[in-house]
$ cat final05.cif   # mmCIF, C-alpha atoms
data_data
loop_
_atom_site.label_atom_id
_atom_site.label_comp_id
_atom_site.auth_asym_id
_atom_site.auth_seq_id
_atom_site.Cartn_x
_atom_site.Cartn_y
_atom_site.Cartn_z
CA MET A 6 59.90 138.53 78.32
CA THR A 7 63.56 137.60 77.85
CA CYS A 8 64.43 139.12 81.22
CA TYR A 9 61.68 137.11 82.97
CA LYS A 10 62.95 133.84 81.47
CA TYR A 11 66.53 134.59 82.54
CA ASN A 12 65.48 135.26 86.18
CA LYS A 13 63.42 132.07 86.32
CA PHE A 14 66.39 130.07 85.01
CA MET A 15 68.69 131.59 87.67
CA ARG A 16 66.19 130.88 90.46
CA GLU A 17 65.88 127.24 89.38
CA ARG A 18 69.64 126.82 89.22
CA ARG A 19 70.01 128.29 92.72
CA GLY A 20 67.37 125.89 94.02
CA VAL A 21 69.23 122.87 92.63
CA ALA A 22 72.52 124.11 94.13
CA ASP A 23 70.89 124.48 97.58
CA VAL A 24 69.47 120.98 97.45
CA LEU A 25 72.85 119.60 96.34
CA ALA A 26 74.65 121.41 99.18
CA VAL A 27 72.20 120.02 101.77
CA ALA A 28 72.51 116.51 100.29
CA ILE A 29 76.32 116.66 100.37
CA MET A 30 76.28 117.90 103.98
CA PHE A 31 73.90 115.09 104.93
CA LEU A 32 76.12 112.49 103.22
CA LEU A 33 79.16 113.96 104.99
CA VAL A 34 77.47 113.68 108.39
CA VAL A 35 76.47 110.06 107.68
CA LEU A 36 80.03 109.28 106.51
CA ILE A 37 81.56 110.80 109.66
CA GLY A 38 79.14 108.79 111.80
CA VAL A 39 80.01 105.57 109.98
CA LEU A 40 83.76 106.26 110.24
CA LEU A 41 83.51 107.03 113.96
CA HIS A 42 81.54 103.82 114.50
CA THR A 43 84.09 101.84 112.48
CA PHE A 44 87.19 103.15 114.21
CA MET A 45 85.85 103.78 117.72
CA LEU A 46 87.15 100.43 119.02
CA THR A 47 90.66 100.88 117.59
CA PRO A 48 92.19 102.50 120.74
CA LEU A 49 90.62 99.80 122.92
CA ARG A 50 91.91 97.01 120.67
CA SER A 51 95.43 98.48 120.69
CA SER A 52 95.28 98.78 124.47
CA THR A 53 94.19 95.12 124.76
CA ASP A 54 97.10 94.07 122.54
CA ARG A 55 99.58 96.01 124.71
CA GLN A 56 98.06 94.40 127.78
CA LEU A 57 98.40 90.89 126.30
CA GLN A 58 102.02 91.53 125.36
CA LEU A 59 102.60 92.53 128.98
CA LYS A 60 100.76 89.40 130.15
CA SER A 61 103.13 87.20 128.11
CA GLU A 62 106.13 89.00 129.66
CA TYR A 63 104.74 88.49 133.17
CA ILE A 64 104.12 84.78 132.53
CA TYR A 65 107.71 84.45 131.28
CA GLU A 66 109.09 86.25 134.37
CA THR A 67 106.93 84.11 136.66
CA LEU A 68 108.30 80.93 135.05
CA ALA A 69 111.82 82.35 135.37
CA THR A 70 111.46 83.12 139.10
CA SER A 71 108.96 80.71 140.69
CA TRP A 72 110.13 77.30 141.85
CA VAL A 73 109.19 73.79 140.78
CA GLU A 74 108.31 72.52 144.23
CA PRO A 75 109.68 70.73 146.24
CA TYR A 76 112.89 71.70 144.40
CA SER A 77 114.39 75.15 144.76
CA LYS A 78 114.83 75.67 141.03
CA SER A 79 112.76 77.85 138.71
CA TYR A 80 110.66 76.35 135.91
CA LEU A 81 112.79 77.80 133.13
CA LYS A 82 116.03 76.93 134.87
CA ALA A 83 114.84 73.34 135.33
CA ALA A 84 113.79 73.25 131.67
CA ALA A 85 117.22 74.54 130.61
CA ASP A 86 118.93 71.91 132.79
CA ASN A 87 116.83 69.24 131.10
CA LEU A 88 118.06 70.42 127.73
CA VAL A 89 121.75 70.68 128.62
CA PHE A 90 122.40 67.87 131.09
CA THR A 91 121.92 64.17 130.54
CA GLU A 92 121.02 63.66 134.21
CA PRO A 93 119.22 66.80 135.41
CA THR A 94 118.12 67.30 139.03
CA ILE A 95 114.45 67.42 138.08
CA SER A 96 113.37 64.52 135.88
CA SER A 97 111.82 65.23 132.51
CA ASP A 98 108.50 63.56 133.44
CA TYR A 99 108.16 65.52 136.68
CA LEU A 100 109.03 68.78 134.93
CA SER A 101 106.52 68.14 132.12
CA SER A 102 103.73 67.57 134.63
CA ALA A 103 104.74 70.62 136.73
CA MET A 104 105.04 72.83 133.63
CA GLU A 105 101.63 71.72 132.39
CA ASN A 106 100.07 72.52 135.78
CA VAL A 107 101.69 75.94 136.09
CA LEU A 108 100.74 76.95 132.56
CA LYS A 109 97.16 75.82 133.17
CA TYR A 110 97.12 78.01 136.28
CA LEU A 111 98.82 81.10 134.83
CA VAL A 112 97.37 81.29 131.32
CA PRO A 113 93.97 83.04 131.24
CA PRO A 114 90.91 81.23 129.84
CA GLY A 115 90.58 81.56 126.07
CA TYR A 116 94.37 81.62 125.65
CA ALA A 117 97.09 79.01 125.19
CA ALA A 118 100.81 79.19 125.83
CA GLU A 119 103.86 77.43 124.54
CA VAL A 120 107.31 77.47 126.13
CA LYS A 121 110.21 76.64 123.84
CA LEU A 122 113.85 76.23 124.88
CA LYS A 123 116.67 75.94 122.38
CA TYR A 124 120.33 75.14 122.79
CA GLU A 125 122.49 74.38 119.75
CA ASN A 126 120.51 71.73 117.84
CA ALA A 127 118.45 70.57 120.80
CA GLU A 128 114.97 71.92 121.43
CA ASN A 129 112.26 71.24 124.00
CA THR A 130 108.67 72.45 123.98
CA TRP A 131 106.06 72.56 126.71
CA GLY A 132 102.46 73.65 126.57
CA LEU A 133 100.10 73.53 123.64
CA LYS A 134 100.22 75.39 120.36
CA PRO A 135 96.64 75.72 119.07
CA ALA A 136 95.83 74.77 115.48
CA SER A 137 94.73 78.33 114.79
CA ALA A 138 95.15 81.51 116.81
CA GLU A 139 93.79 84.99 116.19
CA LYS A 140 96.87 86.68 117.61
CA GLN A 141 100.10 85.70 119.30
CA PHE A 142 102.37 87.54 121.72
CA ILE A 143 105.99 86.49 122.08
CA HIS A 144 108.51 87.15 124.81
CA SER A 145 111.99 85.67 124.76
CA GLY A 146 115.10 85.69 126.89
CA THR A 147 118.12 83.63 127.87
CA ILE A 148 118.66 81.25 130.76
CA SER A 149 122.20 80.63 131.91
CA VAL A 150 123.32 77.17 132.95
CA ILE A 151 126.73 76.47 134.48
CA ARG A 152 128.33 73.22 133.41
CA ALA A 153 131.48 71.84 135.00
CA GLU A 154 133.84 70.46 132.40
CA ALA A 155 136.88 68.24 132.98
CA GLU A 156 140.13 70.14 133.40
CA VAL A 157 138.41 73.32 132.37
CA GLU A 158 136.75 75.89 134.53
CA ASN A 159 132.97 76.00 134.77
CA ARG A 160 131.40 76.90 131.46
CA THR A 161 128.35 79.13 131.23
CA ILE A 162 125.86 77.99 128.63
CA LEU A 163 123.11 80.29 127.39
CA VAL A 164 119.80 78.66 126.52
CA GLN A 165 117.30 80.59 124.42
CA ALA A 166 113.81 80.59 125.97
CA THR A 167 110.66 81.80 124.23
CA LEU A 168 107.15 82.08 125.56
CA THR A 169 104.31 82.50 123.09
CA LEU A 170 100.86 83.46 124.28
CA PHE A 171 98.14 82.59 121.77
CA TRP A 172 94.76 84.23 121.71
CA VAL A 173 92.50 81.41 120.65
CA GLY A 174 89.44 83.65 120.59
CA MET B 5 72.15 112.21 116.32
CA LEU B 6 74.13 109.46 114.62
CA VAL B 7 77.32 111.50 114.78
CA VAL B 8 76.75 112.57 118.39
CA SER B 9 76.14 108.96 119.46
CA ALA B 10 79.20 107.73 117.51
CA TYR B 11 81.37 110.49 119.02
CA GLN B 12 80.15 109.68 122.54
CA GLN B 13 80.96 106.01 122.04
CA TYR B 14 84.36 106.89 120.58
CA ARG B 15 85.10 109.06 123.66
CA SER B 16 83.98 106.29 126.00
CA SER B 17 86.15 103.73 124.15
CA SER B 18 89.18 106.05 124.35
CA GLU B 19 88.56 106.58 128.08
CA MET B 20 88.45 102.83 128.60
CA ALA B 21 91.71 102.39 126.66
CA LEU B 22 93.35 105.11 128.77
CA LEU B 23 92.13 103.50 131.99
CA SER B 24 93.36 100.10 130.82
CA ASP B 25 96.83 101.49 129.99
CA SER B 26 96.96 103.34 133.32
CA THR B 27 96.05 100.13 135.18
CA SER B 28 98.85 98.29 133.33
CA SER B 29 101.24 101.05 134.35
CA ILE B 30 100.13 100.88 138.01
CA THR B 31 100.49 97.07 138.03
CA THR B 32 103.97 97.27 136.54
CA HIS B 33 105.01 99.89 139.10
CA LEU B 34 103.76 97.65 141.91
CA ALA B 35 105.34 94.44 140.56
CA LEU B 36 108.69 95.92 139.57
CA ASP B 37 109.21 98.44 142.31
CA GLU B 38 106.86 99.01 145.22
CA LEU B 39 106.01 95.40 146.09
CA ALA B 40 109.14 93.74 144.64
CA TYR B 41 111.02 91.48 147.02
CA VAL B 42 114.43 92.79 148.11
CA ASP B 43 116.78 90.10 149.44
CA ALA B 44 119.34 90.36 152.25
CA THR B 45 122.04 91.60 149.84
CA GLY B 46 119.79 94.48 148.76
CA THR B 47 119.06 92.99 145.32
CA SER B 48 115.57 93.72 144.09
CA HIS B 49 113.66 90.87 142.39
CA PRO B 50 111.22 92.28 139.82
CA CYS B 51 107.92 90.43 139.41
CA VAL B 52 108.46 88.71 142.78
CA ILE B 53 105.90 90.06 145.23
CA ASP B 54 106.90 90.35 148.86
CA GLU B 55 103.96 89.22 150.98
CA ALA B 56 104.98 91.45 153.90
CA LYS B 57 105.24 94.53 151.64
CA LEU B 58 101.84 93.79 150.14
CA GLN B 59 100.17 93.51 153.53
CA SER B 60 101.69 96.73 154.79
CA LEU B 61 101.01 98.79 151.64
CA GLU B 62 99.71 102.22 152.68
CA SER B 63 99.44 104.31 149.51
CA PHE B 64 96.77 103.41 146.98
CA LYS B 65 97.03 106.50 144.79
CA GLN B 66 99.21 106.99 141.76
CA ALA B 67 99.55 109.65 139.09
CA VAL B 68 99.80 108.35 135.54
CA GLY B 69 100.19 110.75 132.62
CA GLY B 70 99.18 113.75 134.75
CA GLU B 71 95.99 112.10 136.02
CA ASN B 72 95.39 110.69 139.48
CA PHE B 73 94.22 107.12 139.91
CA GLU B 74 93.26 105.08 142.91
CA PHE B 75 93.61 101.31 143.04
CA GLN B 76 92.84 98.15 144.93
CA VAL B 77 95.36 95.28 144.88
CA SER B 78 95.37 91.63 145.90
CA VAL B 79 97.42 88.51 145.19
CA LEU B 80 95.86 85.09 144.76
CA GLU B 81 97.93 82.02 145.45
CA ASN B 82 95.99 79.01 144.24
CA MET B 83 98.62 76.81 142.60
CA ASN B 84 97.95 73.88 144.92
CA GLY B 85 94.23 74.48 145.20
CA ASN B 86 94.48 76.26 148.58
CA GLY B 87 92.91 79.45 147.21
CA ARG B 88 94.63 81.94 149.51
CA GLU B 89 94.07 85.62 148.78
CA ILE B 90 96.46 88.17 150.27
CA GLU B 91 95.35 91.79 150.54
CA PRO B 92 96.79 94.94 152.10
CA GLN B 93 95.27 95.83 155.45
CA HIS B 94 93.91 99.16 154.21
CA ASN B 95 92.76 98.22 150.71
CA PRO B 96 90.27 100.94 149.59
CA ALA B 97 86.70 100.01 148.70
CA LEU B 98 85.67 99.96 145.04
CA PRO B 99 83.51 103.01 144.14
CA GLU B 100 80.14 102.07 142.68
CA GLU B 101 79.62 104.89 140.21
CA LYS B 102 83.07 105.18 138.64
CA MET B 103 84.36 103.33 135.61
CA ASN B 104 87.07 100.89 136.72
CA CYS B 105 89.49 98.50 135.07
CA THR B 106 90.65 95.16 136.45
CA LEU B 107 93.85 93.47 135.35
CA ILE B 108 95.16 90.07 136.38
CA PHE B 109 98.83 89.30 135.75
CA ALA B 110 101.03 86.33 136.62
CA VAL B 111 103.61 87.02 139.33
CA THR B 112 105.76 85.11 141.80
CA LEU B 113 104.89 85.35 145.47
CA PHE B 114 107.74 85.28 147.96
CA GLU B 115 106.42 83.60 151.07
CA ASN B 116 108.48 82.09 153.90
CA GLY B 117 111.53 81.61 151.67
CA ARG B 118 109.52 80.03 148.84
CA TYR B 119 108.87 81.39 145.35
CA ILE B 120 105.30 80.43 144.44
CA PRO B 121 103.45 81.13 141.14
CA ALA B 122 100.55 83.49 141.86
CA LYS B 123 98.31 86.10 140.25
CA ILE B 124 98.13 89.79 141.06
CA THR B 125 94.80 91.57 140.60
CA VAL B 126 94.78 95.35 140.29
CA MET B 127 91.52 97.30 140.05
CA ALA B 128 92.00 100.99 139.20
CA TRP B 129 89.72 104.01 138.79
CA ARG B 130 90.07 107.78 138.46
CA ALA B 131 90.61 109.44 141.82
#
$ encode --input "final05.cif" --output "structure tokens"
Amino acid sequence: MTCYKYNKFMRERRGVADVLAVAIMFLLVVLIGVLLHTFMLTPLRSSTDRQLQLKSEYIYETLATSWVEPYSKSYLKAAADNLVFTEPTISSDYLSSAMENVLKYLVPPGYAAEVKLKYENAENTWGLKPASAEKQFIHSGTISVIRAEAEVENRTILVQATLTLFWVG
Amino acid sequence: MLVVSAYQQYRSSSEMALLSDSTSSITTHLALDELAYVDATGTSHPCVIDEAKLQSLESFKQAVGGENFEFQVSVLENMNGNGREIEPQHNPALPEEKMNCTLIFAVTLFENGRYIPAKITVMAWRA
């Protein structure tokens, strides 16, 4: 009688252990599925971020190399001249309009860009900074401007230029 | 089934990320090296696309990270509303059944002594 009871108890315990093992395995499978679903877009998101950083660098390089027509001066160079000289070759109004047009053309839909140039305490900004942006990608560099000074040789001035690409979303 | 579906989607997302990075790499190679304008002094101008080089481009295959990719390239110059698209003479056709990635980056187009803002479009797929 005692032996029978002991065997029954063991069988019941083994049954509970089996059910628990199956339940844990099931939960594990569900958890893996949920985790894969949660993180499956991470590589794609990182790739998109890298691509947008590259986009901001390309926009900066385009502004640094393409000309404000009909002048033979690049957008960033003209902007730097406007900051340094009191009478630049390209007037401030003309440059603002040209910069607005080029940014409208180069910046993809759903994004906004801001170009900021800084020299000593002076600063000039073109483009629009949105009130809120999901992400922003910054590329900066320097633009050199040569200024002739009385009784001194030409002086090279370095103007800090920054382009920020905003993902408005 | 849930895990298999999630894994398949994860694989597909990773493939897309890889293709996107490879397309970025191809575009950078084209803009900084292969199609970059070289002036009379021999100085190369990165991110300035030479129209003549673009039109005469012959090779549309590139290996990135040990894998071979094929691409299609064009440059759109539409700053003044003209809408002119410049393509190589032998641009390959886009395959219908393969996953592809298209990237559009800002570049400068060198055309008849002028530096014009433009956009380069690169469409890449596995060869």
$ resolve_selection --input "final05.cif" --expression "the PyMOL selection byres ((chain A) within 7 of (chain B))" --output "MDAnalysis selection string"
chainID A and resid 34 37:38 41:42 45:46 48:49 52 56 60 63:64 66:67 70:72 110:111
$ closest_residue --input "final05.cif" --among "A:Glu105, A:Arg152, A:Arg160, A:His144" --to "Asp86 (chain A)" --atoms "all atoms listed in the file"
A:Arg152
$ atom_distance --input "final05.cif" --atom1 "CA of Ile30 (chain B)" --atom2 "CA of Asn95 (chain B)"
14.9 Å
$ resolve_selection --input "final05.cif" --expression "the PyMOL selection byres ((chain A and resi 167) around 7)" --output "ChimeraX atom specification"
/A:120-122,143-146,165-166,168-169
$ closest_residue --input "final05.cif" --among "A:Trp172, A:Tyr99, A:Tyr76, A:Tyr65" --to "Pro113 (chain A)" --atoms "all atoms listed in the file"
A:Trp172
$ atom_distance --input "final05.cif" --atom1 "CA of Thr94 (chain A)" --atom2 "CA of Asn106 (chain A)"
19.1 Å
$ atom_distance --input "final05.cif" --atom1 "CA of Lys78 (chain A)" --atom2 "CA of Asp98 (chain A)"
15.6 Å
$ residues_around --input "final05.cif" --residues "Ser149 (chain A)" --least-positions-apart "6" --cutoff "8 Å" --atoms "only C-alpha atoms" --output "PDB file with C-alpha atoms, keeping the file's coordinate frame"
ATOM      1  CA  LYS A  82     116.030  76.930 134.870  1.00  0.00           C
ATOM      2  CA  ALA A  85     117.220  74.540 130.610  1.00  0.00           C
ATOM      3  CA  THR A 161     128.350  79.130 131.230  1.00  0.00           C
ATOM      4  CA  ILE A 162     125.860  77.990 128.630  1.00  0.00           C
ATOM      5  CA  LEU A 163     123.110  80.290 127.390  1.00  0.00           C
ATOM      6  CA  VAL A 164     119.800  78.660 126.520  1.00  0.00           C
TER       7      VAL A 164
END
$ closest_residue --input "final05.cif" --among "B:Leu34, B:Val126, B:Pro92, B:Asp54" --to "Thr106 (chain B)" --atoms "all atoms listed in the file"
B:Val126
$ closest_residue --input "final05.cif" --among "B:Thr31, B:Ser63, B:Thr47, B:Thr125" --to "Glu89 (chain B)" --atoms "all atoms listed in the file"
B:Thr125
$ residues_around --input "final05.cif" --residues "Ser78 (chain B)" --least-positions-apart "3" --cutoff "6 Å" --atoms "all atoms listed in the file" --output "ChimeraX atom specification"
/B:90-91,124-125
$ closest_residue --input "final05.cif" --among "A:Leu33, A:Ala83, A:Leu88, A:Leu59" --to "Ala103 (chain A)" --atoms "all atoms listed in the file"
A:Ala83
$ closest_residue --input "final05.cif" --among "B:Leu98, B:Glu115, B:Met127, B:Ser26" --to "Tyr41 (chain B)" --atoms "all atoms listed in the file"
B:Glu115
$ residues_around --input "final05.cif" --residues "Phe142 (chain A)" --least-positions-apart "4" --cutoff "7 Å" --atoms "all atoms listed in the file" --output "compact mmCIF listing (two decimals) with C-alpha atoms, in the coordinates of the input"
# COMPACT_ATOMS: atom_id res chain seq x y z
CA LEU A 57 98.40 90.89 126.30
CA GLN A 58 102.02 91.53 125.36
CA SER A 61 103.13 87.20 128.11
CA THR A 169 104.31 82.50 123.09
CA LEU A 170 100.86 83.46 124.28
CA PHE A 171 98.14 82.59 121.77
$ resolve_selection --input "final05.cif" --expression "the PyMOL selection byres ((chain B and resi 64) around 6)" --output "compact mmCIF listing (two decimals) with C-alpha atoms, in the coordinates of the input"
# COMPACT_ATOMS: atom_id res chain seq x y z
CA SER B 63 99.44 104.31 149.51
CA LYS B 65 97.03 106.50 144.79
CA GLU B 74 93.26 105.08 142.91
CA PHE B 75 93.61 101.31 143.04
$ residues_near_point --input "final05.cif" --point "(84.8, 105.1, 136.6)" --cutoff "9 Å" --atoms "only C-alpha atoms" --output "list in words"
Leu23, Pro99, Glu100, Glu101, Lys102, Met103, Asn104, Cys105, Ala128, Trp129, Arg130 and Ala131 of chain B
